[in-house]
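Single-structure report; data block below.
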Amino acid sequence: MKRVIIIGGGVAGMQTALRLAEEGVEPLIVEKEAELGGKLRGWHRLFPSFTPASEVLGELRSRVARRGIEVMTSTEVKAVEAGAVTLVDGRRIEGDAVTICSGFDLFDARIKEEYGYGIYDNVFTSVDIERMLNEGRVARADGSRPRRIAFLHCVGSRDEKVCQRHCSRVCCVTGVKQAMEMKELFPEADVFNFYMDIRMFGPGYEEMYREAQQRYNIHFVRGRISEAAPTIDGRVQIKAEDTLTGRPLRMSVDMLVLLVGMRAGETNPAYEAAGLGRLESGFMAPRDSFLGNVRSRTEGIFYAGTVTAPKNIGETINEGCAAADAVLEYLKKS
Amino acid sequence: MTAMKRRSWSDYQKQIADDKYYYARSCIRQNFFPGSEKAFLDILHNDLGRDVLDDPLHSSCTGIGYHSDIVPLETIMTVVARQFALMTEAGYENFISSCITSFGVYTEVLATWNEFPETEERTREYLYKATGREFRKPTSLAHTSDIMFHFRDEIARKAKYRLVNAQTGEPLRVVEHIGCHYAKIFPKSGIGGSEFPYVLAGMIESWGGECVDYPERRHCCGFGFRNYLVQANRGYSIANSHKKLESMAPYKPDFIVANCPGCTMFLDKWQYAIAEMEGTTYGENGHGIPVLTYEEMAGLVLGYDPWELGMQMHQVDVEPLLDKMGISYDPAAKYLGRNGKYIDKPASAVVNCCPTDTVYDIRQ
């Protein structure tokens with residue numbers, strides 16, 4: 001039986017493995033964390049349907065278990081080549097093909113120092129909000145209910161200053177989703193979204209954006225926040241420009257939520273060292289953008305999911321299938 | 001209220017030389033805070049035993065003209081090149097500037113030369129044609145506050161007073177104001193970067209004080225060159241200082257320390273203007289908040305006489321701060337000049353706590 005090594009056990013890795021297993025190939029998932037699931041483990045509900053992330057994650061995990069797919073957790077890959085990977089502990093694992101599904105990293109909001117994340121108590125990231133939603137308790141640092149919440153889009157996306165020129169795509173709709181969730185939790189609160197463009201690219205996203213404005217009365221302000229500062233009563237003062245009215249704006253909020261972008265995975269340079277191409281954004285470059293978007297430059301090495309670009313979960317699952325099909329085609333020929 | 005939190009200052013470090021400095025003075029500090037530059041030289045020479053060349057040959061960097069669109073880039077680069085030539089001729093390599101704007105100018109010119117080497121070649125040519133001089137670029141470039149920061153622990157060891165309320169033992173609450181041209185242009189050129197600069201905060205903390213963070217901490221003081229130099233724009237200037245003072249007042253700072261000649265002056269003198277225009281004051285007991293230069297702060301810590309430091313030239317009286325720190329001084333000597341001659345006194349103003357008619361007048 002042919003064996004395919006899959007680097008990364010997130011959504012893309014699990015779906016690729018499932019599809020390969022369905023076709024009689026033996027996948028091996030190598031996951032650096034202690035359990036499967038990748039970033040999905042940290043999410044609460046998924047846009048645009050508000051499906052609990054645990055439903056999708058649970059189903060994928062149980063399918064992997066039912067198929068008896070071999071998984072190596074807490075195992076990190078150091079180097080990759082066609083048909084083999086080398087682990088950080090020096091072990092070498094051989095197979096007939098490799099699929100890289102190692103995903104993305106989250107932008108570290110502390111790099112945007114002007115927003116004071118990690119310094120000011122009531123500045124959060126979108127990841128913190130998902131965590132708090134999962135914990136069942138969203139609150140300010142002192143435990144009180146927020147009365148005014150601001151979301152800031154594009155933190156670590158479309159920002160040359162931090163070398164992240166690309167659009168992370170999913171943050172816009174995440175901002176809309178979380179704003180709606182905040183409004184449900186705190187109906188009395190004013191919720192603002194500060195954006196430079198709203199990019200509602202997926203099915204149902206635009207409708208969600210409209211609903212957020214019409215039914216939830218969420219305010220959308222076209223303008224980026226220039227800085228955050230603490231107030232004497234523990235709130236956060238923000239400054240922005242409302243570019244539609246052309247006026248500067250200053251307000252104090254109880255919570256500032258930074259919608260952090262997706263940046264290229266930290267392991268990507270190691271793949272580049274193996275001769276694989278990277279895009280200017282740092283994500284891995286597929287062979288081409290149309291007919292070879294799950295293939296690498298090197299025969300026998302494939303990509304699935306956000307290792308090549310920011311994607312939503314539906315797209316990632318589809319790409320897992322597409323990558324598996326490309327692997328199967330390759331295995332037939334080899 | 002808690003002390004200011006910061007996380008990343010140690011990410012922004014720069015090489016600061018230990019000794020042998022070529023000193024470039026500021027155009028305006030000698031008028032506004034005439035004791036500060038002398039205090040810097042005295043502290044470096046006498047307290048720290050360092051070699052600093054105070055060269056009378058150097059000129060203005062022309063930064064005020066540059067930022068007011070009067071002096072072209074090529075001209076200012078040539079002026080900067082001449083300063084470096086004087087440093088080279090004097091046998092020094094470590095250039096230090098007493099002015100934030102000059103420091104920004106030197107940083108910008110060096111970065112421009114680095115990025116566009118042809119501009120450096122052209123500047124060398126202009127300088128040679130105009131003066132016959134040649135230059136080496138400095139091995140290190142620092143602002144004088146960087147130097148004071150560099151020696152903050154040594155100063156702390158020699159301290160006669162600390163930034164502590166002598167009565168209560170509580171740290172003094174200090175507002176630090178960095179100035180736009182220190183690190184907002186090139187964040188990596190400043191200690192602590194531009195968002196959470198540590199250059200003044202490091203001194204304050206080393207000498208026993210506590211920095212306060214307030215909403216308009218990063219805001220410009222309002223000098224802004226054309227804001228002030230064009231008379232019709234002065235409303236912008238005072239509006240900016242007003243915004244900062246309003247924002248910091250609830251934190252009840254014991255004093256403000258500023259990094260930049262313009263900021264120190266405007267945060268001090270606009271307090272008088274606001275008090276006269278609106279009747280609003282921001283300090284204790286209906287008076288102003290004292291504004292210090294970092295040399296004055298270091299000088300007080302080291303036990304220098306406040307009038308030797310030139311603190312009688314401040315718009316807002318510093319006596320409440322001196323009293324808080326437990327510094328002994330002679331109130332009657334406030335308006336005696338360096339030679340003991342009476343230098344005259346300002347008219348009494350609401351922003352001041354010490355009515356000048358109570359101060360000893362040698363003529364009376």
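A note on labels: chains of the structure tokens are A, B, ... as shown, every chain counts residues from 1, and ligands are counted from 1 in their shown order.
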
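Those residues of chain B that fall within 9 Å of chain A when using only C-alpha atoms read Met1, Lys5, Arg6, Arg7, Ser8, Ser194, Glu195, Phe196, Asp213, Tyr214, Pro215, Glu216, Arg217, Arg218, Ser247, Pro250 and Tyr251 of chain B.
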
Open item on the list: Let's see if you can do this: from backbone DSSP, list all alpha helix (DSSP H) residues in segment 2-150 of chain B, as a ChimeraX atom specification.
Closed with: /B:29-32,34-42,63-67,73-90,100-115,117-131,144-150

Open item on the list: Between atom CA of Gly282 of chain A and atom CA of Cys101 of chain A, what distance in Å does the model show, to one decimal?
Closed with: 14.9 Å

Task: Pick from A:Thr298, A:Ser334, A:Gln164, A:Thr243 nearest to Ala82 of chain A, counting only C-alpha atoms - done: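 The answer is A:Thr298, which sits nearest to Ala82 of chain A.
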
Task: atom CA of Gly103 of chain A to atom CA of Gly42 of chain A, straight-line distance in Å - done: 14.2 Å

Task: Given only C-alpha atoms as the counted atoms, nearest of A:Leu46, A:Val176, A:Ala34, A:Ala21 to Ser74 of chain A - done: A:Ala34

Taking only C-alpha atoms into account, produce a table as CSV in which each residue of segment 75-169 of chain A with an atom at most 7 Å from an atom of segment 303-318 of chain A appears once, together with its shortest atom pair and the distance in Å to one decimal, ordered by chain and rising number.
```
residue,atom,partner,partner_atom,distance
A:Thr99,CA,A:Tyr303,CA,5.4
A:Ile100,CA,A:Tyr303,CA,4.8
A:Cys101,CA,A:Ala304,CA,5.2
A:Ser102,CA,A:Val307,CA,5.8
A:Gly103,CA,A:Val307,CA,4.3
A:Phe104,CA,A:Thr306,CA,5.8
A:Ser168,CA,A:Pro310,CA,5.4
A:Arg169,CA,A:Pro310,CA,6.5
```

Open item on the list: To one decimal place in Å, what is the distance between atom CA of Ile198 of chain A and atom CA of Gly175 of chain A?
Closed with: 9.8 Å
